[in-house]
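Peer 1: Input: one structure, supplied below.
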Amino acid sequence: MCLTNNVTLVNLMVSSRNTTKIGSCKKLEGSIYVLSVFISVKGCEWDNNSAQQMYNLLFQAENWLTQQARRYGKSITFENGGYGADGSVFANRYVNLTTARSGNLHPYFDEVMRTIGYQDMAQFYDWTKNQKGADNSLILFFFNTDDRSFAYSATSGMMSYDPHKFNSEYAVIYRAMSGYMSDAGVIAHEILHLFGAWDMYPSEYLTKEQSDTAARMYPRSIMIQGQNIAQREIDEVNAWLVGLGPEKNYFRWFQSATAYGAEYEVDSEFDDDEITSPQEYDEECYDDDENGEEGAYEEEGEYEEEEEEEDLEDFECFSATIGGPDSGQCSYISICDEDVYSDEDEDDLENVEIVFTGKKFISADEADNEIVCENGNSAEIETLEKGERYAFGTSTGYYGYIVIEDGKMGKSSSELEVTIYYTESDEDEE
Ligand SMILES: [Zn+2]
């Protein structure tokens with residue numbers, strides 16, 4: 001839901017080597033002034049009830065953003081102002097993504113700002129800095145209708161940027177999209193765009209490969225989808241983009257070719273060949289570990305508190321197909337061999353640590369198969385997210401996660417696709 005369009009790229013001052021942001025949303029840090037402007041258009045006016053619903057979602061989004069920032073060890077605070085909840089702010093025409101794509105909407109929104117007492121958006125920005133002392137500010141324009149919300153960010157080449165003419169970043173939020181009430185996740189998603197976040201879902205800007213990898217590495221990213229905000233998180237790539245976390249080598253691999261507009265010329269030192277893919281990075285990462293170097297996450301004590309949030313890309317992994325409830329047989333998983341066996345593979349069962357019965361994961365020593373049961377291996381398996389994600393530790397010194405990628409636990413199916421992430425345990429098993 002981001003707007004990257006044909007608005008001319010006049011003076012893009014962002015170097016893609018440097019995430020210091022231009023515009024009114026610089027870094028997700030410090031104080032953030034949020035102005036909500038409820039624009040009534042003939043036939044879709046706001047009233048206090050409907051506007052209050054949107055305020056509730058906004059406050060939910062702000063709380064969520066505050067918690068997410070805390071996860072990365074950063075503190076943010078919000079101050080809110082608003083106009084038009086009672087239907088008093090009128091515009092003579094309606095705008096949406098289509099009108100935004102076919103023309104510059106800044107004059108339209110400057111005009112709306114005039115009706116509520118600012119000269120324009122730029123003056124609002126100056127006011128938040130000088131009068132409010134805000135580190136960041138943004139405007140949310142709400143429409144009481146069904147359409148696709150979008151954001152005008154000054155980082156992503158989405159708009160012409162002239163610091164003297166335009167520097168106030170804003171998002172346009174519709175009360176509903178495709179018949180569903182917008183939720184807090186939509187608002188948080190658009191606000192993150194203003195701070196520089198990239199969409200992580202398949203779009204004209206993200207290749208299939210990039211979005212598939214993002215979905216595998218960051219299944220809970222709010223930049224993939226915003227519904228059920230409590231289940232979502234700011235992934236580490238976007239955490240870096242919005243200024244919450246450090247950069248890792250492979251982050252720019254996710255940068256869409258058009259994220260900065262036309263514009264490798266903007267930053268000619270930035271060369272495609274330098275981009276490390278997440279896969280390549282895994283290998284480098286392991287070389288580092290063998291040399292005894294610690295990962296970058298050492299600095300982030302706060303982040304490490306949540307064990308479930310451990311970064312899967314720090315693990316080795318392999319994919320496998322295991323028999324579901326309808327397969328009528330067990331699947332024998334060997335982390336050591338990076339392989340999955342069946343009853344027929346008698347010679348290979350010595351290294352099996354985990355068994356999938358078709359319904360659940362159990363330890364090798366609980367298996368009905370004699371070879372597996374007596375091979376001396378065992379494992380502990382814990383359910384993290386029912387039907388989706390399991391954590392394990394084995395007597396052979398591995399720990400990691402089993403992620404169900406395709407197929408449903410507990411539903412009738414003959415197979416499940418899984419990715420098994422693992423690493424060697426730090427603890428001495430002796
Ligand atoms: Zn988006």
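Going through the structure tokens in order, the chains are called A, B, and so on, while each chain numbers its residues from 1 and the ligands are numbered from 1 in the order shown.
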Which residues of chain A have any atom within 9 Å of an atom in ligand 1 when counting only C-alpha atoms and all ligand atoms, and what is the closest pair of atoms for each, with the distance in Å to one decimal? Order the rows by chain and rising number and write it as a Markdown table.

Peer 2:
| residue | atom | partner | partner_atom_place_in_ligand_line | distance |
| --- | --- | --- | --- | --- |
| A:Met1 | CA | ligand 1 | 1 (Zn) | 3.4 |
| A:Cys2 | CA | ligand 1 | 1 (Zn) | 4.0 |
| A:Leu3 | CA | ligand 1 | 1 (Zn) | 7.7 |
| A:Ser149 | CA | ligand 1 | 1 (Zn) | 8.5 |
| A:Phe150 | CA | ligand 1 | 1 (Zn) | 6.9 |
| A:Ala151 | CA | ligand 1 | 1 (Zn) | 7.5 |
| A:Val186 | CA | ligand 1 | 1 (Zn) | 8.6 |
| A:His189 | CA | ligand 1 | 1 (Zn) | 6.3 |
| A:Glu190 | CA | ligand 1 | 1 (Zn) | 6.2 |
| A:Leu192 | CA | ligand 1 | 1 (Zn) | 8.6 |
| A:His193 | CA | ligand 1 | 1 (Zn) | 6.6 |
| A:Ala197 | CA | ligand 1 | 1 (Zn) | 8.2 |
| A:Trp198 | CA | ligand 1 | 1 (Zn) | 6.9 |
| A:Asp199 | CA | ligand 1 | 1 (Zn) | 4.8 |
| A:Met200 | CA | ligand 1 | 1 (Zn) | 8.0 |
| A:Tyr201 | CA | ligand 1 | 1 (Zn) | 8.2 |
| A:Met223 | CA | ligand 1 | 1 (Zn) | 6.3 |
| A:Ile224 | CA | ligand 1 | 1 (Zn) | 8.0 |
| A:Gln225 | CA | ligand 1 | 1 (Zn) | 8.4 |

Peer 1: Put those residues in a file: C-alpha atoms, as a PDB file, in the first residue's frame.

Peer 2:
ATOM      1  CA  MET A   1       0.000   0.000   0.000  1.00  0.00           C
ATOM      2  CA  CYS A   2       2.692   2.395  -0.758  1.00  0.00           C
ATOM      3  CA  LEU A   3       2.636   4.958  -3.405  1.00  0.00           C
ATOM      4  CA  SER A 149      -4.735   3.630   1.982  1.00  0.00           C
ATOM      5  CA  PHE A 150      -1.344   4.966   0.969  1.00  0.00           C
ATOM      6  CA  ALA A 151       1.610   6.945   2.242  1.00  0.00           C
ATOM      7  CA  VAL A 186      -3.103  -0.518   8.308  1.00  0.00           C
ATOM      8  CA  HIS A 189       1.925   0.054   8.235  1.00  0.00           C
ATOM      9  CA  GLU A 190       1.420   3.452   6.605  1.00  0.00           C
ATOM     10  CA  LEU A 192       6.131   2.996   9.061  1.00  0.00           C
ATOM     11  CA  HIS A 193       6.263   3.916   5.357  1.00  0.00           C
ATOM     12  CA  ALA A 197       9.816   1.214   5.604  1.00  0.00           C
ATOM     13  CA  TRP A 198       9.554  -0.965   2.514  1.00  0.00           C
ATOM     14  CA  ASP A 199       6.625  -3.133   1.596  1.00  0.00           C
ATOM     15  CA  MET A 200       7.591  -6.776   1.886  1.00  0.00           C
ATOM     16  CA  TYR A 201       4.674  -8.249  -0.003  1.00  0.00           C
ATOM     17  CA  MET A 223       5.049  -4.741   6.004  1.00  0.00           C
ATOM     18  CA  ILE A 224       3.730  -8.016   4.541  1.00  0.00           C
ATOM     19  CA  GLN A 225       0.276  -7.498   5.970  1.00  0.00           C
TER      20      GLN A 225
END

Peer 1: From region 319-403 of chain A, collect each residue whose DSSP state is alpha helix (DSSP H) and return the set as a PyMOL selection string.

Peer 2: chain A and resi 370-373

Peer 1: I need the chosen residues saved as a compact mmCIF listing (two decimals), in the first residue's frame, with C-alpha atoms.

Peer 2:
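Saved as out.txt:
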# COMPACT_ATOMS: atom_id res chain seq x y z
CA GLU A 370 12.58 -50.13 16.98
CA ILE A 371 15.69 -48.83 15.31
CA VAL A 372 14.69 -45.23 15.95
CA CYS A 373 13.53 -45.91 19.47

Peer 1: Pick out the residues sitting within 12 Å of Phe109 (chain A), and hand them over as a PyMOL selection string; count only C-alpha atoms, and ignore anything fewer than 6 positions along from it in its own chain.

Peer 2: chain A and resi 37-39+89-95+100+115-116+118-122+124+139-142+152+166+168-172

Peer 1: Please list as a ChimeraX atom specification every residue within 8 Å of region 21-36 of chain A, counting only C-alpha atoms and excluding residues in the same chain fewer than 3 positions away.

Peer 2: /A:13-14,69,74-83,125,128,134-142,153-155,163,167-169,194-196,242-244

Peer 1: Would you kindly return, as a VMD selection string, each protein, DNA or RNA residue with an atom no farther than 12 Å from any atom of Ala61 (chain A), considering only C-alpha atoms and excluding same-chain residues fewer than 5 positions away?

Peer 2: chain A and resid 34 54 to 56 66 to 68 78 182 to 192 222 226 to 230 232 to 233

Peer 1: Between A:Thr394, A:Thr321, A:Ser425, A:Ser342, which is the closest to Ser363 (chain A) once you count only C-alpha atoms?

Peer 2: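 Under the stated criterion, the closest residue is A:Thr394.
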
Peer 1: So what do you get for CA of Glu316 (chain A) versus CA of Val340 (chain A), distance-wise?

Peer 2: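 For CA of Glu316 (chain A) relative to CA of Val340 (chain A), the distance reads 15.8 Å.
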
Peer 1: What gap, in Å, lies between CA of Phe318 (chain A) and CA of Thr419 (chain A)?

Peer 2: 5.7 Å

Peer 1: What is the CA of Asn238 (chain A) to CA of Ile173 (chain A) distance in Å?

Peer 2: 20.8 Å

Peer 1: If we count only C-alpha atoms and set the cut-off at 12 Å, which residues sit around Asp368 (chain A), ignoring sequence neighbours fewer than 2 positions away in its own chain? Please answer as a PyMOL selection string.

Peer 2: chain A and resi 329-332+343+355-357+362-366+370-374

Peer 1: Go through A:Ser102, A:Asn375, A:Ser334, A:Ser412 one by one, measure the shortest atom-to-atom distance of each to Lys359 (chain A) using only C-alpha atoms, and give the residue with the smallest value.

Peer 2: A:Ser412

Peer 1: Can you tell me, as an MDAnalysis selection string, what residues are no more than 7 Å from Met409 (chain A) when counting only C-alpha atoms, ignoring any on the same chain fewer than 2 positions away?

Peer 2: chainID A and resid 359 387 407 411

Peer 1: Output N, CA and C atoms for every residue in that selection, as a CSV table (one decimal), in the first residue's frame.

Peer 2:
chain,number,residue,atom,x,y,z
A,359,LYS,N,0.7,-36.6,13.2
A,359,LYS,CA,-0.1,-35.7,14.0
A,359,LYS,C,0.7,-34.8,14.9
A,387,GLY,N,0.3,-25.4,15.3
A,387,GLY,CA,0.1,-25.7,13.9
A,387,GLY,C,1.1,-25.0,13.0
A,407,GLY,N,0.5,-26.7,4.1
A,407,GLY,CA,-0.3,-27.8,4.7
A,407,GLY,C,-0.7,-27.4,6.1
A,411,LYS,N,-5.4,-31.0,10.1
A,411,LYS,CA,-6.4,-31.1,9.1
A,411,LYS,C,-6.0,-32.3,8.2
